[in-house]
Amino acid sequence: MTTVLIAGTKKGAAIFKSDDGKNWSSDFVLKGWQATASARDGDGRYYVAVGSDVFGPAIMVSDDLKTWTQLESAPRFAATDKGNADHHRIVGAFDFEGKYKEGGRFVDQIWTLVFAHGNLHAGVSEAGLFVSKDRGKSWQGVDGFNNHPSRGEWMPGAGGLTAHTILVDANDPKRMWVGVSAAGLFRTDDGGKTWARKNEGIDTNVGQCVHRLTLDPKNADVIYRQDHRGVYKSRDAGDTWQRAESGLPIAELSDGHKCSFGFPIVMDRATDTIFAVPLDGDNFRFPANGHLSVYRSKDGAAHWSAQSNGLPETNFAGILRGAMSADQKGGVYFGTTGGSVYGTADLGEHWRQVASGLPRILSVEAYS
């Protein structure tokens, strides 16, 4: 079975293919676009979210990973929606057209694409959720989320106010979760009409900066969370959270809080194995002592152990929240801000370099 990796970078998308997880062919497409996320639908069509500081975000599609077409439609807020002033301040350095001065709510980046139950979902910044029911031909905002009663309290993280993670219950299309930096996790049980915040038990003193989440598709009540302030597990669909850091390296954050800091967290769903990449706190955001290790748990985050066989001894690059993925057959892959991609075909027992010399890697998705 062929595995396809799509690594989104600051200057295009790198596409890799392998039949054995060891030998990879490569192609670099969509040159000049910032490629921020990807997805594949049930008919095998690939979607890549792209962006330009001048032209804004768009979605490119391909049925063969060779020929790409830009969709005419993309997620957009209503012209009357009011934007977040702090988000405008953070992303305004690239506001060449001065549109933020008008105070509106704009889609400046598509952070994630998720296909589930026949629908294509997009999480964007300024933080918002959109859905397409016709393969991206048209998009509708999820008003219950986009106009949430608590929205006036939402705080942007260092990258702005972003809706970067979407989880969908495999057995219940009406139940979804959306992670927002830095407003925390939200869940809907009624198909997006209403959303409740789900952050009880998270140790925080400012905002709710969830970094990434993954859930068990066989039991969607079980969710794992890499937060700004630690690694957590929920056994009740996010209602409550407990720390799950036994064996993970602990870093001291800029405010003195000690926890296992990082961005991505993924699961190999065939074996329920979880993977995370701890970093040396929010001050440095590179692997501890410059030694790159992926940490693995085979017992539901009760214990973690380092897996670094084949990874470089010295590496001071970071790994961003969307830059790690599992192919659900023992393969796990991640990309670094230094432009390297690494992968394993045996749940982390052995790692090998898939590519190097790429632009800064923003996203990695694996498809079997």
# chains A, B, ... in the order shown; residues from 1 in each chain; ligands from 1
>>> select_by_dssp(residues="region 75-320 of chain A", states="strand (DSSP E)", output="PyMOL selection string")
chain A and resi 109-116+119-125+128-132+140-141+162-168+176-181+184-188+196-197+210-216+219-227+230-234+242-243+251-252+258-259+261-268+273-279+294-297+305-307
>>> residues_around(residues="region 119-135 of chain A", least_positions_apart="5", cutoff="8 Å", atoms="only C-alpha atoms", output="PyMOL selection string")
chain A and resi 41+75+83-84+87+105-114+140-142+145-146+160-166+180
>>> closest_residue(among="A:Ala49, A:Val91, A:Leu311, A:Val4", to="Gly290 (chain A)", atoms="only C-alpha atoms")
A:Leu311
>>> residues_around(residues="Trp177 (chain A)", least_positions_apart="3", cutoff="7 Å", atoms="only C-alpha atoms", output="list in words")
Ile166, Leu167, Val168, Leu185, Phe186, Arg187 and Thr188 of chain A
>>> write_last_selection(atoms="C-alpha atoms", output="PDB file, in the first residue's frame")
ATOM      1  CA  ILE A 166     -10.871  20.024  14.386  1.00  0.00           C
ATOM      2  CA  LEU A 167     -11.905  16.648  15.763  1.00  0.00           C
ATOM      3  CA  VAL A 168     -15.022  14.815  14.580  1.00  0.00           C
ATOM      4  CA  LEU A 185     -11.301  23.694  23.455  1.00  0.00           C
ATOM      5  CA  PHE A 186     -14.965  23.841  22.393  1.00  0.00           C
ATOM      6  CA  ARG A 187     -17.395  20.959  21.835  1.00  0.00           C
ATOM      7  CA  THR A 188     -20.714  20.747  20.062  1.00  0.00           C
TER       8      THR A 188
END
>>> closest_residue(among="A:Gly98, A:Gly357, A:Gly144, A:Gly348", to="Lys298 (chain A)", atoms="only C-alpha atoms")
A:Gly348
>>> residues_around(residues="Asn309 (chain A)", least_positions_apart="2", cutoff="7 Å", atoms="only C-alpha atoms", output="CSV table (one decimal) with N, CA and C atoms, in the first residue's frame")
chain,number,residue,atom,x,y,z
A,307,GLN,N,12.0,7.9,21.9
A,307,GLN,CA,12.3,7.1,20.7
A,307,GLN,C,13.1,8.0,19.8
A,311,LEU,N,17.4,9.5,14.6
A,311,LEU,CA,17.2,10.9,14.6
A,311,LEU,C,18.5,11.6,14.9
A,349,GLU,N,10.4,2.7,16.5
A,349,GLU,CA,11.5,1.9,16.8
A,349,GLU,C,12.8,2.4,16.0
A,350,HIS,N,12.5,2.7,14.7
A,350,HIS,CA,13.6,3.2,13.9
A,350,HIS,C,13.1,4.4,13.1
A,351,TRP,N,13.9,5.5,13.1
A,351,TRP,CA,13.5,6.7,12.3
A,351,TRP,C,14.5,6.9,11.2
>>> residues_around(residues="Ala276 (chain A)", least_positions_apart="2", cutoff="7 Å", atoms="only C-alpha atoms", output="mmCIF file with C-alpha atoms, in the first residue's frame")
data_model
loop_
_atom_site.group_PDB
_atom_site.id
_atom_site.type_symbol
_atom_site.label_atom_id
_atom_site.label_comp_id
_atom_site.auth_asym_id
_atom_site.auth_seq_id
_atom_site.Cartn_x
_atom_site.Cartn_y
_atom_site.Cartn_z
ATOM 1 C CA PRO A 264 1.998 18.285 18.032
ATOM 2 C CA ILE A 265 0.393 15.150 19.396
ATOM 3 C CA VAL A 266 -0.858 12.304 17.162
ATOM 4 C CA ILE A 274 0.406 8.171 20.960
ATOM 5 C CA PRO A 278 8.501 17.871 23.740
ATOM 6 C CA VAL A 294 9.936 11.657 19.814
ATOM 7 C CA TYR A 295 8.121 10.359 22.887
ATOM 8 C CA ARG A 296 5.765 7.401 22.634
#
>>> select_by_dssp(residues="region 59-123 of chain A", states="helix (DSSP H, G or I)", output="VMD selection string")
chain A and resid 85 to 94 99 to 102
>>> write_last_selection(atoms="C-alpha atoms", output="PDB file, in the first residue's frame")
ATOM      1  CA  ALA A  85      -8.083  44.074  17.586  1.00  0.00           C
ATOM      2  CA  ASP A  86      -5.287  42.065  19.224  1.00  0.00           C
ATOM      3  CA  HIS A  87      -5.318  39.559  16.365  1.00  0.00           C
ATOM      4  CA  HIS A  88      -5.074  42.445  13.897  1.00  0.00           C
ATOM      5  CA  ARG A  89      -2.069  43.779  15.787  1.00  0.00           C
ATOM      6  CA  ILE A  90      -0.242  40.428  15.618  1.00  0.00           C
ATOM      7  CA  VAL A  91      -0.858  39.659  11.940  1.00  0.00           C
ATOM      8  CA  GLY A  92      -0.943  43.287  10.784  1.00  0.00           C
ATOM      9  CA  ALA A  93       2.734  43.327   9.816  1.00  0.00           C
ATOM     10  CA  PHE A  94       1.711  41.631   6.564  1.00  0.00           C
ATOM     11  CA  LYS A  99      -7.716  46.056   5.294  1.00  0.00           C
ATOM     12  CA  TYR A 100      -7.387  45.512   9.060  1.00  0.00           C
ATOM     13  CA  LYS A 101      -7.734  49.238   9.597  1.00  0.00           C
ATOM     14  CA  GLU A 102     -11.418  48.782   8.745  1.00  0.00           C
TER      15      GLU A 102
END
>>> atom_distance(atom1="CA of Gly21 (chain A)", atom2="CA of Pro249 (chain A)")
28.6 Å
>>> closest_residue(among="A:Arg321, A:Lys174, A:Lys198, A:Lys258", to="Gln226 (chain A)", atoms="only C-alpha atoms")
A:Arg321
>>> atom_distance(atom1="CA of Gly335 (chain A)", atom2="CA of Ile59 (chain A)")
21.5 Å
>>> residues_around(residues="Phe263 (chain A)", least_positions_apart="6", cutoff="9 Å", atoms="only C-alpha atoms", output="PDB file with N, CA and C atoms, in the first residue's frame")
ATOM      1  N   VAL A 210      -4.601  25.803  23.982  1.00  0.00           N
ATOM      2  CA  VAL A 210      -4.438  24.435  23.505  1.00  0.00           C
ATOM      3  C   VAL A 210      -3.587  24.468  22.244  1.00  0.00           C
ATOM      4  N   HIS A 211      -2.635  23.530  22.129  1.00  0.00           N
ATOM      5  CA  HIS A 211      -1.761  23.489  20.960  1.00  0.00           C
ATOM      6  C   HIS A 211      -2.209  22.472  19.922  1.00  0.00           C
ATOM      7  N   ARG A 212      -2.605  21.277  20.367  1.00  0.00           N
ATOM      8  CA  ARG A 212      -3.063  20.251  19.433  1.00  0.00           C
ATOM      9  C   ARG A 212      -3.792  19.165  20.208  1.00  0.00           C
ATOM     10  N   GLN A 226      -2.100  18.277  23.839  1.00  0.00           N
ATOM     11  CA  GLN A 226      -0.846  18.981  24.093  1.00  0.00           C
ATOM     12  C   GLN A 226      -1.191  20.449  24.251  1.00  0.00           C
ATOM     13  N   ASP A 227      -1.092  20.922  25.471  1.00  0.00           N
ATOM     14  CA  ASP A 227      -1.437  22.291  25.797  1.00  0.00           C
ATOM     15  C   ASP A 227      -0.158  23.102  25.992  1.00  0.00           C
ATOM     16  N   HIS A 228      -0.302  24.405  26.003  1.00  0.00           N
ATOM     17  CA  HIS A 228       0.838  25.260  26.312  1.00  0.00           C
ATOM     18  C   HIS A 228       1.396  24.929  27.698  1.00  0.00           C
ATOM     19  N   ALA A 276       4.360  12.372  20.800  1.00  0.00           N
ATOM     20  CA  ALA A 276       4.502  13.802  21.042  1.00  0.00           C
ATOM     21  C   ALA A 276       5.975  14.176  20.909  1.00  0.00           C
ATOM     22  N   VAL A 277       6.228  15.462  20.691  1.00  0.00           N
ATOM     23  CA  VAL A 277       7.607  15.950  20.563  1.00  0.00           C
ATOM     24  C   VAL A 277       7.805  17.094  21.551  1.00  0.00           C
ATOM     25  N   PRO A 278       8.300  16.810  22.752  1.00  0.00           N
ATOM     26  CA  PRO A 278       8.501  17.871  23.740  1.00  0.00           C
ATOM     27  C   PRO A 278       9.605  18.841  23.318  1.00  0.00           C
ATOM     28  N   LEU A 279       9.417  20.106  23.674  1.00  0.00           N
ATOM     29  CA  LEU A 279      10.395  21.152  23.403  1.00  0.00           C
ATOM     30  C   LEU A 279      10.823  21.799  24.715  1.00  0.00           C
ATOM     31  N   ILE A 319       9.205  21.973  15.957  1.00  0.00           N
ATOM     32  CA  ILE A 319       8.177  21.197  15.267  1.00  0.00           C
ATOM     33  C   ILE A 319       6.849  21.869  15.573  1.00  0.00           C
ATOM     34  N   LEU A 320       6.172  22.357  14.545  1.00  0.00           N
ATOM     35  CA  LEU A 320       4.943  23.112  14.725  1.00  0.00           C
ATOM     36  C   LEU A 320       3.741  22.189  14.931  1.00  0.00           C
ATOM     37  N   ARG A 321       2.641  22.776  15.375  1.00  0.00           N
ATOM     38  CA  ARG A 321       1.485  21.983  15.805  1.00  0.00           C
ATOM     39  C   ARG A 321       0.910  21.102  14.694  1.00  0.00           C
ATOM     40  N   GLY A 322       0.924  21.568  13.458  1.00  0.00           N
ATOM     41  CA  GLY A 322       0.338  20.803  12.366  1.00  0.00           C
ATOM     42  C   GLY A 322       1.334  19.965  11.606  1.00  0.00           C
ATOM     43  N   ALA A 323       2.582  19.888  12.087  1.00  0.00           N
ATOM     44  CA  ALA A 323       3.659  19.271  11.311  1.00  0.00           C
ATOM     45  C   ALA A 323       3.965  17.847  11.732  1.00  0.00           C
TER      46      ALA A 323
END
>>> closest_residue(among="A:Phe275, A:Trp33, A:Tyr333, A:Phe261", to="Gly56 (chain A)", atoms="only C-alpha atoms")
A:Trp33
>>> residues_around(residues="Val364 (chain A)", least_positions_apart="5", cutoff="9 Å", atoms="only C-alpha atoms", output="list in words")
Leu5, Ile6, Ala7, Gly8, Thr36, Ala37, Ser38, Gly322, Ala323, Met324, Ser325, Tyr333, Phe334, Gly335 and Val341 of chain A
>>> write_last_selection(atoms="C-alpha atoms", output="PDB file, in the first residue's frame")
ATOM      1  CA  LEU A   5       2.994  12.580   2.567  1.00  0.00           C
ATOM      2  CA  ILE A   6       2.075  16.188   1.904  1.00  0.00           C
ATOM      3  CA  ALA A   7       4.422  18.564   3.687  1.00  0.00           C
ATOM      4  CA  GLY A   8       3.241  22.151   3.529  1.00  0.00           C
ATOM      5  CA  THR A  36      -0.673  25.457   5.488  1.00  0.00           C
ATOM      6  CA  ALA A  37      -2.862  22.318   5.589  1.00  0.00           C
ATOM      7  CA  SER A  38      -4.171  19.437   3.499  1.00  0.00           C
ATOM      8  CA  GLY A 322       0.338  20.803  12.366  1.00  0.00           C
ATOM      9  CA  ALA A 323       3.659  19.271  11.311  1.00  0.00           C
ATOM     10  CA  MET A 324       3.138  15.692  12.526  1.00  0.00           C
ATOM     11  CA  SER A 325       0.888  12.915  11.281  1.00  0.00           C
ATOM     12  CA  TYR A 333       6.018  11.483  10.202  1.00  0.00           C
ATOM     13  CA  PHE A 334       7.000  15.001  11.214  1.00  0.00           C
ATOM     14  CA  GLY A 335       8.659  18.045   9.725  1.00  0.00           C
ATOM     15  CA  VAL A 341      11.125  15.511   7.334  1.00  0.00           C
TER      16      VAL A 341
END
